[in-house]
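Taking it in order: structure first as structure tokens, then the write-up.
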Amino acid sequence: MSVEDQVSRFRWLILLGLITAAIMEVLDSTIVNVALPQMAGNLGATNQEIGWVSTGYILANVVVLPMTAFLVSRFGRKRYLGFSILLFITASFFCGTSHSLLELVFWRILQGGGGAALLSTAQATLRQIFPPEQQGLVQAVFLMGIIVAPTLGPTLGGWITDNYTWNWCFFINLPIGFAAFFLVTTFLNDPPGMTRKVSVDWWGVGLLTVGLGSLQYVLEEGESNDWFQDAMILRLSVLAGVCILALVWWELSPRNEHPVVDFRVLNNKTLTSAICLFIALGFGLYGGVYLYPLFVQTILGFTPTATGLALLPGGLATGASAIICGRILNGPNPKVDPRLLIVIGVAIFMVSMWQLGHLTTLSGEPDTRTALMIRGFGLGFLFTPINQVAYASVSGREVQQASGLINLSRQLGGSFGIAILGTYLQSHTAYHRANLVSHLDTGNPLVAERLNSTAHALQAKGFGPEQAMHGAQQLLDGVVTRQALTMSYNDGFLLILLIFACTVPAIFFLKKPKGPAVAVDAH
């Protein structure tokens, strides 16, 4: 049996292996967040130190993502995917058996490096092994896993932490990973001529590692270190800017015959526009998942489990809309223009951000659930058609490079979103609190009445007059702080809405695809 025939015969089993690996990777990037406090207690780490469990993973993931096309051409997709899955589950095992913070962070970095291929190379492989008439549905199924997994991560992580120990957040990857490894290495093969013995672009690798690594560190740690007031953040920001500019120059230089990242694919305006949209999508997807738990747990008093359960219907709505879009776009010549679905998705998502941006301290779980379901439904109408348009605009040889840049843009968009929203919340909370306090004039009859009634209630419970008035003032201060926080969270959701509105023009630079991306070795 030829390589092409074998891949054609077993492509659905390959899809199962790749989507299993991708879900494992994305799930692991969010599942540990809930367990971080327990990890910190067990390992004797501070809250800031334990944050490196997440930071180290994302740093490695971001650095390796743009290099996946080079690694595939150097080693072949089967060997690279198999090695990446094996590295991921090996690192997961040692993460679970770690007895110190340094040990855990080291294995998390290796885990993040292995996880890059489980998104980028996996998605590109599906483009190559499935025929055009099946691309819409296949990509929808794959993307459904990628989008839904971050929503399920906190719920699963909370359940594991409550019922077992944080170590099982990593051990759970072992059976999933071995199943994915078996399916991929058994049924996937490379077509002739896929691997090339080319020289390694060491300058490119170095500039990429230092530039993106520094940028990701700044985004992860900037808020807690007061941004450019901190000397380390300032130096790394300059270093990131210099290295990234040098990287672009060197990768485009005629002297560099085998660039590790081929930025020439960005001459494709459709792909560049799609990447801009993916940055906004990453901002909205990860930014929303960052804001929502903080709001409902801080303001509305949700437990972690209730927070995860509230997010679950939105994840299911994403899966449903992704499948709907996949069915609509399936076939060599879909009747519906994917750009129309993108516009619909942007509109739905903006409606959900408007609703989340107008929640109050009296809002309940039904209010948030409705907004989250609308948000989830809109996400499915975005990821599937944008991917369809982006990949349909590139040739078969460019698929791997395009996939790396697309996944990198989504990841960086999420990092920018969390960093910007964290600082935005802090500054707007201070602004709203100062504004509210300025209206609390004790000469105001309403304010005086509120203080007196609260003080009388405290006196009825046995407090003295002075203690009662002091307690009343503290309670009023708490109400003001809670209201200021609520208003700042509202502003955060509305900022996501504004970011989406600003990226709408990019939709008009997308070209209507003449057909799905060509399958390289599917016949």
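By convention in this document, the chains of the structure tokens carry letters A, B, ... by their order, each chain's residues are numbered from 1, and ligands are numbered from 1 in the order they are shown.
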
* To do: Just the residues within 10 Å of range 201-214 of chain A, please, counting only C-alpha atoms, with nothing from its chain fewer than 5 positions along; format it as a PyMOL selection string.
  => chain A and resi 56+58-64+66-67+70+219-220+233+235-251+256-261+412

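With only C-alpha atoms taken into account, the protein and nucleic acid residues at most 7 Å from range 287-295 of chain A (excluding it and anything under 4 positions from it in its own chain) are Phe283, Ile299, Thr307, Gly414, Gly417, Ile418 and Tyr489 of chain A.
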
Store the residues picked out above, limited to N, CA and C atoms, as a CSV table (one decimal), in the first residue's frame.
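Output file result.csv follows:
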chain,number,residue,atom,x,y,z
A,283,PHE,N,-7.2,37.9,22.0
A,283,PHE,CA,-7.4,39.0,23.0
A,283,PHE,C,-8.8,38.7,23.6
A,299,ILE,N,-16.9,39.7,42.9
A,299,ILE,CA,-18.1,40.6,43.1
A,299,ILE,C,-19.4,39.8,43.4
A,307,THR,N,-18.2,28.8,39.0
A,307,THR,CA,-17.6,29.6,37.8
A,307,THR,C,-17.4,28.7,36.6
A,414,GLY,N,-3.7,36.5,23.1
A,414,GLY,CA,-4.2,36.2,24.5
A,414,GLY,C,-3.2,36.8,25.5
A,417,GLY,N,-3.8,40.5,25.6
A,417,GLY,CA,-5.1,40.7,26.3
A,417,GLY,C,-5.1,40.6,27.8
A,418,ILE,N,-4.4,39.6,28.3
A,418,ILE,CA,-4.4,39.5,29.8
A,418,ILE,C,-3.5,40.6,30.4
A,489,TYR,N,-14.5,46.2,35.8
A,489,TYR,CA,-14.8,45.0,35.0
A,489,TYR,C,-15.7,45.3,33.8

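Around Ile31 in chain A, within 6 Å and counting only C-alpha atoms, the residues found are Leu27, Asp28, Gly153, Pro154 and Gly157 of chain A, once anything fewer than 3 positions away on its own chain is removed.
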
* Asked: Counting only C-alpha atoms, what is within 7 Å of Leu43 in chain A, bar same-chain residues fewer than 2 positions away, as a PyMOL selection string?
  -> chain A and resi 39-41+45+99-101

* Filtered DSSP result for range 209-440 of chain A, state alpha helix (DSSP H), as a ChimeraX atom specification -> /A:209-221,231-252,269-298,304-329,338-356,365-392,399-437

* Might you pull out every residue within 10 Å of Thr486 in chain A, with only C-alpha atoms counted and same-chain residues fewer than 3 positions away left off, and present them as a list in words? =>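 The residues satisfying every condition are Phe295, Val296, Thr298, Ile299, Leu300, Gly357, His358, Leu359, Thr360, Thr361, Leu425, Thr429, His432, Val480, Thr481, Arg482, Gln483, Tyr489, Asn490, Asp491 and Gly492 of chain A.
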
For N, CA, C and O atoms, I'd like the residues from the last selection saved as a PDB file, in the first residue's frame.
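What ended up in part.pdb:
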ATOM      1  N   PHE A 295     -14.387  38.526  38.039  1.00  0.00           N
ATOM      2  CA  PHE A 295     -15.584  39.311  38.323  1.00  0.00           C
ATOM      3  C   PHE A 295     -16.577  38.532  39.173  1.00  0.00           C
ATOM      4  O   PHE A 295     -17.032  39.002  40.218  1.00  0.00           O
ATOM      5  N   VAL A 296     -16.921  37.317  38.729  1.00  0.00           N
ATOM      6  CA  VAL A 296     -17.988  36.591  39.426  1.00  0.00           C
ATOM      7  C   VAL A 296     -17.551  36.085  40.797  1.00  0.00           C
ATOM      8  O   VAL A 296     -18.368  35.969  41.709  1.00  0.00           O
ATOM      9  N   THR A 298     -15.084  37.605  42.723  1.00  0.00           N
ATOM     10  CA  THR A 298     -14.808  38.757  43.582  1.00  0.00           C
ATOM     11  C   THR A 298     -16.065  39.535  43.919  1.00  0.00           C
ATOM     12  O   THR A 298     -16.274  39.938  45.069  1.00  0.00           O
ATOM     13  N   ILE A 299     -16.931  39.733  42.923  1.00  0.00           N
ATOM     14  CA  ILE A 299     -18.101  40.597  43.090  1.00  0.00           C
ATOM     15  C   ILE A 299     -19.372  39.810  43.402  1.00  0.00           C
ATOM     16  O   ILE A 299     -20.131  40.158  44.305  1.00  0.00           O
ATOM     17  N   LEU A 300     -19.608  38.744  42.656  1.00  0.00           N
ATOM     18  CA  LEU A 300     -20.871  38.016  42.802  1.00  0.00           C
ATOM     19  C   LEU A 300     -20.785  36.830  43.754  1.00  0.00           C
ATOM     20  O   LEU A 300     -21.801  36.192  44.037  1.00  0.00           O
ATOM     21  N   GLY A 357     -20.508  43.822  29.762  1.00  0.00           N
ATOM     22  CA  GLY A 357     -20.048  45.148  30.163  1.00  0.00           C
ATOM     23  C   GLY A 357     -21.098  45.958  30.894  1.00  0.00           C
ATOM     24  O   GLY A 357     -20.835  47.111  31.256  1.00  0.00           O
ATOM     25  N   HIS A 358     -22.296  45.389  31.117  1.00  0.00           N
ATOM     26  CA  HIS A 358     -23.354  46.100  31.834  1.00  0.00           C
ATOM     27  C   HIS A 358     -23.930  45.264  32.981  1.00  0.00           C
ATOM     28  O   HIS A 358     -25.067  45.476  33.398  1.00  0.00           O
ATOM     29  N   LEU A 359     -23.137  44.329  33.483  1.00  0.00           N
ATOM     30  CA  LEU A 359     -23.536  43.585  34.669  1.00  0.00           C
ATOM     31  C   LEU A 359     -23.390  44.467  35.905  1.00  0.00           C
ATOM     32  O   LEU A 359     -22.609  45.416  35.914  1.00  0.00           O
ATOM     33  N   THR A 360     -24.123  44.150  36.938  1.00  0.00           N
ATOM     34  CA  THR A 360     -24.083  44.942  38.166  1.00  0.00           C
ATOM     35  C   THR A 360     -23.750  44.034  39.347  1.00  0.00           C
ATOM     36  O   THR A 360     -23.616  42.811  39.208  1.00  0.00           O
ATOM     37  N   THR A 361     -23.646  44.639  40.518  1.00  0.00           N
ATOM     38  CA  THR A 361     -23.375  43.869  41.731  1.00  0.00           C
ATOM     39  C   THR A 361     -24.553  42.980  42.104  1.00  0.00           C
ATOM     40  O   THR A 361     -24.416  42.079  42.934  1.00  0.00           O
ATOM     41  N   LEU A 425      -7.699  47.165  34.418  1.00  0.00           N
ATOM     42  CA  LEU A 425      -8.541  46.999  35.597  1.00  0.00           C
ATOM     43  C   LEU A 425      -7.998  47.780  36.784  1.00  0.00           C
ATOM     44  O   LEU A 425      -8.742  48.438  37.512  1.00  0.00           O
ATOM     45  N   THR A 429     -10.069  50.878  38.280  1.00  0.00           N
ATOM     46  CA  THR A 429     -10.608  50.728  39.629  1.00  0.00           C
ATOM     47  C   THR A 429     -10.246  51.942  40.475  1.00  0.00           C
ATOM     48  O   THR A 429     -11.097  52.490  41.195  1.00  0.00           O
ATOM     49  N   HIS A 432     -12.408  54.969  39.190  1.00  0.00           N
ATOM     50  CA  HIS A 432     -13.819  54.925  39.593  1.00  0.00           C
ATOM     51  C   HIS A 432     -13.964  55.109  41.109  1.00  0.00           C
ATOM     52  O   HIS A 432     -14.913  55.749  41.566  1.00  0.00           O
ATOM     53  N   VAL A 480     -18.313  51.069  48.241  1.00  0.00           N
ATOM     54  CA  VAL A 480     -17.709  51.908  47.195  1.00  0.00           C
ATOM     55  C   VAL A 480     -16.657  51.119  46.412  1.00  0.00           C
ATOM     56  O   VAL A 480     -16.614  51.171  45.169  1.00  0.00           O
ATOM     57  N   THR A 481     -15.813  50.394  47.136  1.00  0.00           N
ATOM     58  CA  THR A 481     -14.767  49.607  46.477  1.00  0.00           C
ATOM     59  C   THR A 481     -15.371  48.543  45.571  1.00  0.00           C
ATOM     60  O   THR A 481     -14.921  48.327  44.442  1.00  0.00           O
ATOM     61  N   ARG A 482     -16.411  47.876  46.042  1.00  0.00           N
ATOM     62  CA  ARG A 482     -17.075  46.829  45.253  1.00  0.00           C
ATOM     63  C   ARG A 482     -17.698  47.424  43.996  1.00  0.00           C
ATOM     64  O   ARG A 482     -17.625  46.839  42.911  1.00  0.00           O
ATOM     65  N   GLN A 483     -18.300  48.607  44.132  1.00  0.00           N
ATOM     66  CA  GLN A 483     -18.901  49.255  42.976  1.00  0.00           C
ATOM     67  C   GLN A 483     -17.832  49.707  41.981  1.00  0.00           C
ATOM     68  O   GLN A 483     -18.003  49.577  40.760  1.00  0.00           O
ATOM     69  N   TYR A 489     -14.541  46.207  35.796  1.00  0.00           N
ATOM     70  CA  TYR A 489     -14.760  44.978  35.021  1.00  0.00           C
ATOM     71  C   TYR A 489     -15.656  45.263  33.817  1.00  0.00           C
ATOM     72  O   TYR A 489     -15.425  44.735  32.720  1.00  0.00           O
ATOM     73  N   ASN A 490     -16.679  46.079  34.007  1.00  0.00           N
ATOM     74  CA  ASN A 490     -17.512  46.495  32.877  1.00  0.00           C
ATOM     75  C   ASN A 490     -16.663  47.156  31.797  1.00  0.00           C
ATOM     76  O   ASN A 490     -16.808  46.837  30.604  1.00  0.00           O
ATOM     77  N   ASP A 491     -15.775  48.035  32.217  1.00  0.00           N
ATOM     78  CA  ASP A 491     -14.890  48.709  31.260  1.00  0.00           C
ATOM     79  C   ASP A 491     -14.001  47.707  30.530  1.00  0.00           C
ATOM     80  O   ASP A 491     -13.707  47.870  29.339  1.00  0.00           O
ATOM     81  N   GLY A 492     -13.546  46.672  31.247  1.00  0.00           N
ATOM     82  CA  GLY A 492     -12.693  45.661  30.622  1.00  0.00           C
ATOM     83  C   GLY A 492     -13.414  44.918  29.509  1.00  0.00           C
ATOM     84  O   GLY A 492     -12.860  44.714  28.419  1.00  0.00           O
TER      85      GLY A 492
END

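Relative to CA of Pro366 in chain A, CA of Ala306 in chain A is found at 11.8 Å.
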